[in-house]
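**Student:** One structure is given below, represented as structure tokens, and several questions about it will come after.
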Amino acid sequence: MWDNAALLRSIANGLFGFSVCAVLYGSVRYVTHLPGLFPLHSVRLMDAPQRVDQADVLEVVRNDVKGNFFTVDIGQLRQSLEKVPWVRGVDIRREFPSRLEVQLDEHQALARWNNSALVNSQGEVFAAESKQALPEFTGPDGSAAEVTQYYTQFEQQLAGLNLQVKEIVLTPRHAWQLHLSNGMVLELGREDMQQRLERFVKVYPHSLAAIQSRVKYVDLRYRNGFAVSALGKQG
């Protein structure tokens, strides 16, 4: 090996090149970490938030934006912003030489969840306050996505009757119950829910619509029909 001049030259050139790269890397890292260089001058929201409180965003920025353009911890800032109410996701990018651009993805509230939180149109549960008139979802932990999916389907089935779902209850035994905008409660059971609701939709205009103000409860769990609980006539 030691009498192979070409090989020795290749090794020497490789070591020299590595040394140059190491020196350059160290120099660049040293310069970019100097506190006085490349200071951050602004953090810009790409779009004006609709539900997120800008004061909450400003507080996070003040607490988490430390260092310069290169050393600011983008991951930490993202995690902190994702804890702000109504924030579903955050995208942050550097705009050279002195600015961060922040894009917030906000939750779209679909319903209230178990009287303690909200659920969005993707079926994700999140904590926030809302004064909107929203339907109520009740179900076991982890079932919000399933309830959301069926809610959309039930709403589509009822649209022709001009009825809306005001509340869905999914029991621990996986039985479904709907509370409608006309005051009726529909018992769908644990299987064939959409088929049972379709049967209700077909017969409703010809039977229950005329007495809907008196109908309190409709049990659709029967194979070939349904049972109705109605209020008595007022004399």
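Identifiers in this document derive from the order of the structure tokens: chains are assigned A, B, ..., residues are numbered from 1 separately in each chain, and ligands are numbered from 1 in order of occurrence.
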Which residues, written as a VMD selection string, have at least one atom at most 10 Å from Val119 (chain A), with only C-alpha atoms counted and residues fewer than 6 positions away on the same chain left out?
**Tutor:** chain A and resid 107 to 113 125 to 128 136 to 137 144 to 145 147 to 148
**Student:** Keeping N, CA and C atoms for every residue in the selection just given, could you write it to a file as a PDB file, in the first residue's frame?
**Tutor:**
```
ATOM      1  N   HIS A 107     -60.183  24.264  13.132  1.00  0.00           N
ATOM      2  CA  HIS A 107     -61.260  23.289  13.239  1.00  0.00           C
ATOM      3  C   HIS A 107     -62.569  23.898  12.720  1.00  0.00           C
ATOM      4  N   GLN A 108     -63.374  23.073  12.079  1.00  0.00           N
ATOM      5  CA  GLN A 108     -64.736  23.440  11.693  1.00  0.00           C
ATOM      6  C   GLN A 108     -65.684  22.626  12.566  1.00  0.00           C
ATOM      7  N   ALA A 109     -66.282  23.275  13.536  1.00  0.00           N
ATOM      8  CA  ALA A 109     -67.132  22.550  14.493  1.00  0.00           C
ATOM      9  C   ALA A 109     -68.363  21.978  13.799  1.00  0.00           C
ATOM     10  N   LEU A 110     -68.599  20.688  13.999  1.00  0.00           N
ATOM     11  CA  LEU A 110     -69.771  20.018  13.441  1.00  0.00           C
ATOM     12  C   LEU A 110     -70.822  19.769  14.511  1.00  0.00           C
ATOM     13  N   ALA A 111     -70.379  19.396  15.716  1.00  0.00           N
ATOM     14  CA  ALA A 111     -71.319  19.032  16.775  1.00  0.00           C
ATOM     15  C   ALA A 111     -70.634  19.138  18.133  1.00  0.00           C
ATOM     16  N   ARG A 112     -71.442  19.033  19.167  1.00  0.00           N
ATOM     17  CA  ARG A 112     -70.908  18.936  20.532  1.00  0.00           C
ATOM     18  C   ARG A 112     -70.713  17.466  20.865  1.00  0.00           C
ATOM     19  N   TRP A 113     -69.678  17.192  21.642  1.00  0.00           N
ATOM     20  CA  TRP A 113     -69.336  15.802  21.936  1.00  0.00           C
ATOM     21  C   TRP A 113     -69.399  15.541  23.427  1.00  0.00           C
ATOM     22  N   VAL A 125     -62.175  15.039  17.891  1.00  0.00           N
ATOM     23  CA  VAL A 125     -62.637  15.723  19.093  1.00  0.00           C
ATOM     24  C   VAL A 125     -61.607  16.778  19.496  1.00  0.00           C
ATOM     25  N   PHE A 126     -62.088  17.968  19.850  1.00  0.00           N
ATOM     26  CA  PHE A 126     -61.185  19.026  20.291  1.00  0.00           C
ATOM     27  C   PHE A 126     -61.868  19.875  21.356  1.00  0.00           C
ATOM     28  N   ALA A 127     -61.054  20.540  22.159  1.00  0.00           N
ATOM     29  CA  ALA A 127     -61.563  21.363  23.256  1.00  0.00           C
ATOM     30  C   ALA A 127     -61.621  22.817  22.822  1.00  0.00           C
ATOM     31  N   ALA A 128     -62.806  23.409  22.876  1.00  0.00           N
ATOM     32  CA  ALA A 128     -62.990  24.820  22.541  1.00  0.00           C
ATOM     33  C   ALA A 128     -64.391  25.233  22.979  1.00  0.00           C
ATOM     34  N   GLU A 136     -75.973  17.483  18.984  1.00  0.00           N
ATOM     35  CA  GLU A 136     -75.287  16.832  20.095  1.00  0.00           C
ATOM     36  C   GLU A 136     -74.941  15.397  19.706  1.00  0.00           C
ATOM     37  N   PHE A 137     -73.680  15.022  19.915  1.00  0.00           N
ATOM     38  CA  PHE A 137     -73.234  13.643  19.722  1.00  0.00           C
ATOM     39  C   PHE A 137     -72.887  13.062  21.084  1.00  0.00           C
ATOM     40  N   ALA A 144     -66.047   8.966  18.007  1.00  0.00           N
ATOM     41  CA  ALA A 144     -66.484  10.223  17.386  1.00  0.00           C
ATOM     42  C   ALA A 144     -66.435  10.170  15.864  1.00  0.00           C
ATOM     43  N   ALA A 145     -65.389   9.552  15.299  1.00  0.00           N
ATOM     44  CA  ALA A 145     -65.268   9.490  13.844  1.00  0.00           C
ATOM     45  C   ALA A 145     -66.409   8.667  13.240  1.00  0.00           C
ATOM     46  N   VAL A 147     -69.432   8.147  14.595  1.00  0.00           N
ATOM     47  CA  VAL A 147     -70.678   8.893  14.759  1.00  0.00           C
ATOM     48  C   VAL A 147     -70.775   9.990  13.699  1.00  0.00           C
ATOM     49  N   THR A 148     -69.666  10.655  13.446  1.00  0.00           N
ATOM     50  CA  THR A 148     -69.646  11.711  12.434  1.00  0.00           C
ATOM     51  C   THR A 148     -69.981  11.162  11.053  1.00  0.00           C
TER      52      THR A 148
END
```
**Student:** With distances taken over only C-alpha atoms, which residue among A:Met193, A:Leu100, A:Thr138, A:Gly89 lies nearest Ala117 (chain A)?
**Tutor:**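 Under the stated criterion, the closest residue is A:Thr138.
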**Student:** Would you mind listing what lies within 12 Å of Tyr217 (chain A) as a list in words, with only C-alpha atoms counted and same-chain residues fewer than 4 positions away left out?
**Tutor:**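 Returned residues: Gln177, Leu178, His179, Leu180, Asn182, Gly183, Met184, Val185, Leu186, Glu187, Leu188, Leu208, Gln212, Ser213, Phe226, Ala227, Val228, Ser229, Ala230 and Leu231 of chain A.
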**Student:** I'd like to know which residues of region 113-230 of chain A are strand (DSSP E) (by DSSP, run on the backbone); could you write them as a count of residues only?
**Tutor:** 35
**Student:** Do a neighbour search on Glu95 (chain A) at 12 Å with only C-alpha atoms, toss out local chain neighbours closer than 2 positions, and write the hits as a VMD selection string.
**Tutor:** chain A and resid 38 40 to 44 69 to 70 92 to 93 97 to 102
**Student:** Write out, as a tab-separated table (two decimals), in the first residue's frame, the residues just selected, with N, CA and C atoms.
**Tutor:**
```tsv
chain	number	residue	atom	x	y	z
A	38	PHE	N	-28.68	37.72	11.56
A	38	PHE	CA	-29.93	37.16	11.06
A	38	PHE	C	-31.04	37.17	12.11
A	40	LEU	N	-34.68	37.66	13.80
A	40	LEU	CA	-36.05	37.57	13.30
A	40	LEU	C	-36.77	38.89	13.55
A	41	HIS	N	-37.35	39.45	12.51
A	41	HIS	CA	-38.04	40.72	12.64
A	41	HIS	C	-39.56	40.58	12.70
A	42	SER	N	-40.09	39.49	12.18
A	42	SER	CA	-41.55	39.37	12.17
A	42	SER	C	-41.99	37.93	12.03
A	43	VAL	N	-43.22	37.67	12.52
A	43	VAL	CA	-43.92	36.41	12.31
A	43	VAL	C	-45.26	36.76	11.69
A	44	ARG	N	-45.51	36.28	10.49
A	44	ARG	CA	-46.71	36.70	9.75
A	44	ARG	C	-47.69	35.55	9.61
A	69	PHE	N	-32.92	33.70	12.79
A	69	PHE	CA	-33.62	33.09	11.66
A	69	PHE	C	-33.30	31.60	11.52
A	70	PHE	N	-32.07	31.22	11.81
A	70	PHE	CA	-31.64	29.83	11.62
A	70	PHE	C	-31.83	28.97	12.86
A	92	ILE	N	-45.36	26.04	9.27
A	92	ILE	CA	-44.46	27.17	9.47
A	92	ILE	C	-43.29	27.06	8.50
A	93	ARG	N	-42.95	28.15	7.89
A	93	ARG	CA	-41.78	28.15	7.02
A	93	ARG	C	-40.99	29.44	7.22
A	97	PRO	N	-34.71	37.04	4.77
A	97	PRO	CA	-33.71	36.72	5.80
A	97	PRO	C	-34.20	36.87	7.24
A	98	SER	N	-35.49	37.27	7.46
A	98	SER	CA	-35.82	37.67	8.83
A	98	SER	C	-37.27	37.44	9.22
A	99	ARG	N	-37.97	36.52	8.54
A	99	ARG	CA	-39.39	36.38	8.85
A	99	ARG	C	-39.81	34.91	8.87
A	100	LEU	N	-40.80	34.62	9.73
A	100	LEU	CA	-41.47	33.33	9.73
A	100	LEU	C	-42.88	33.52	9.20
A	101	GLU	N	-43.34	32.58	8.38
A	101	GLU	CA	-44.70	32.61	7.88
A	101	GLU	C	-45.47	31.43	8.49
A	102	VAL	N	-46.62	31.74	9.06
A	102	VAL	CA	-47.42	30.73	9.77
A	102	VAL	C	-48.77	30.58	9.10
```
**Student:** Would you please work out which residue, of A:Asp105, A:Asp64, A:Glu82, A:Glu198, is nearest to Leu161 (chain A) when using only C-alpha atoms?
**Tutor:**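 So, comparing all the options, the nearest one is A:Glu198.
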**Student:** Near Val57 (chain A), within 12 Å and counting only C-alpha atoms, which residues show up once chain neighbours fewer than 2 positions away are dropped, as a PyMOL selection string?
**Tutor:** chain A and resi 43-45+48-49+51-55+59-65+77-78+80-87+90+102-104
**Student:** Mind writing the picked residues with C-alpha atoms as a PDB file, in the first residue's frame?
**Tutor:**
```pdb
ATOM      1  CA  VAL A  43     -43.915  36.408  12.309  1.00  0.00           C
ATOM      2  CA  ARG A  44     -46.708  36.699   9.752  1.00  0.00           C
ATOM      3  CA  LEU A  45     -50.022  34.864   9.704  1.00  0.00           C
ATOM      4  CA  ALA A  48     -56.646  36.091   9.221  1.00  0.00           C
ATOM      5  CA  PRO A  49     -58.045  33.503  11.678  1.00  0.00           C
ATOM      6  CA  ARG A  51     -62.055  31.364  15.189  1.00  0.00           C
ATOM      7  CA  VAL A  52     -58.565  31.364  16.662  1.00  0.00           C
ATOM      8  CA  ASP A  53     -57.936  34.265  19.046  1.00  0.00           C
ATOM      9  CA  GLN A  54     -55.034  36.267  17.621  1.00  0.00           C
ATOM     10  CA  ALA A  55     -54.064  37.308  21.159  1.00  0.00           C
ATOM     11  CA  GLU A  59     -48.653  35.114  23.335  1.00  0.00           C
ATOM     12  CA  VAL A  60     -47.254  31.839  21.978  1.00  0.00           C
ATOM     13  CA  VAL A  61     -45.010  33.706  19.542  1.00  0.00           C
ATOM     14  CA  ARG A  62     -43.650  35.926  22.300  1.00  0.00           C
ATOM     15  CA  ASN A  63     -42.894  32.949  24.523  1.00  0.00           C
ATOM     16  CA  ASP A  64     -41.533  30.482  21.947  1.00  0.00           C
ATOM     17  CA  VAL A  65     -39.723  32.491  19.282  1.00  0.00           C
ATOM     18  CA  LEU A  77     -43.367  26.720  18.009  1.00  0.00           C
ATOM     19  CA  ARG A  78     -45.613  24.399  16.020  1.00  0.00           C
ATOM     20  CA  SER A  80     -47.274  25.299  21.140  1.00  0.00           C
ATOM     21  CA  LEU A  81     -49.539  26.764  18.460  1.00  0.00           C
ATOM     22  CA  GLU A  82     -51.360  23.446  18.060  1.00  0.00           C
ATOM     23  CA  LYS A  83     -52.437  23.724  21.698  1.00  0.00           C
ATOM     24  CA  VAL A  84     -54.268  27.005  21.037  1.00  0.00           C
ATOM     25  CA  PRO A  85     -58.078  26.538  20.961  1.00  0.00           C
ATOM     26  CA  TRP A  86     -59.532  26.025  17.463  1.00  0.00           C
ATOM     27  CA  VAL A  87     -56.117  25.235  15.917  1.00  0.00           C
ATOM     28  CA  VAL A  90     -49.903  24.473  11.784  1.00  0.00           C
ATOM     29  CA  VAL A 102     -47.415  30.735   9.774  1.00  0.00           C
ATOM     30  CA  GLN A 103     -50.413  29.024   8.212  1.00  0.00           C
ATOM     31  CA  LEU A 104     -53.142  27.925  10.642  1.00  0.00           C
TER      32      LEU A 104
END
```
**Student:** Where does DSSP see helix (DSSP H, G or I) in region 3-208 of chain A, if you list the residues as a count of residues only?
**Tutor:** 80
**Student:** Rounded to one decimal in Å, what is the spacing between CA of Leu163 (chain A) and CA of Ser181 (chain A)?
**Tutor:**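 One can read the CA of Leu163 (chain A) to CA of Ser181 (chain A) distance as 5.9 Å.
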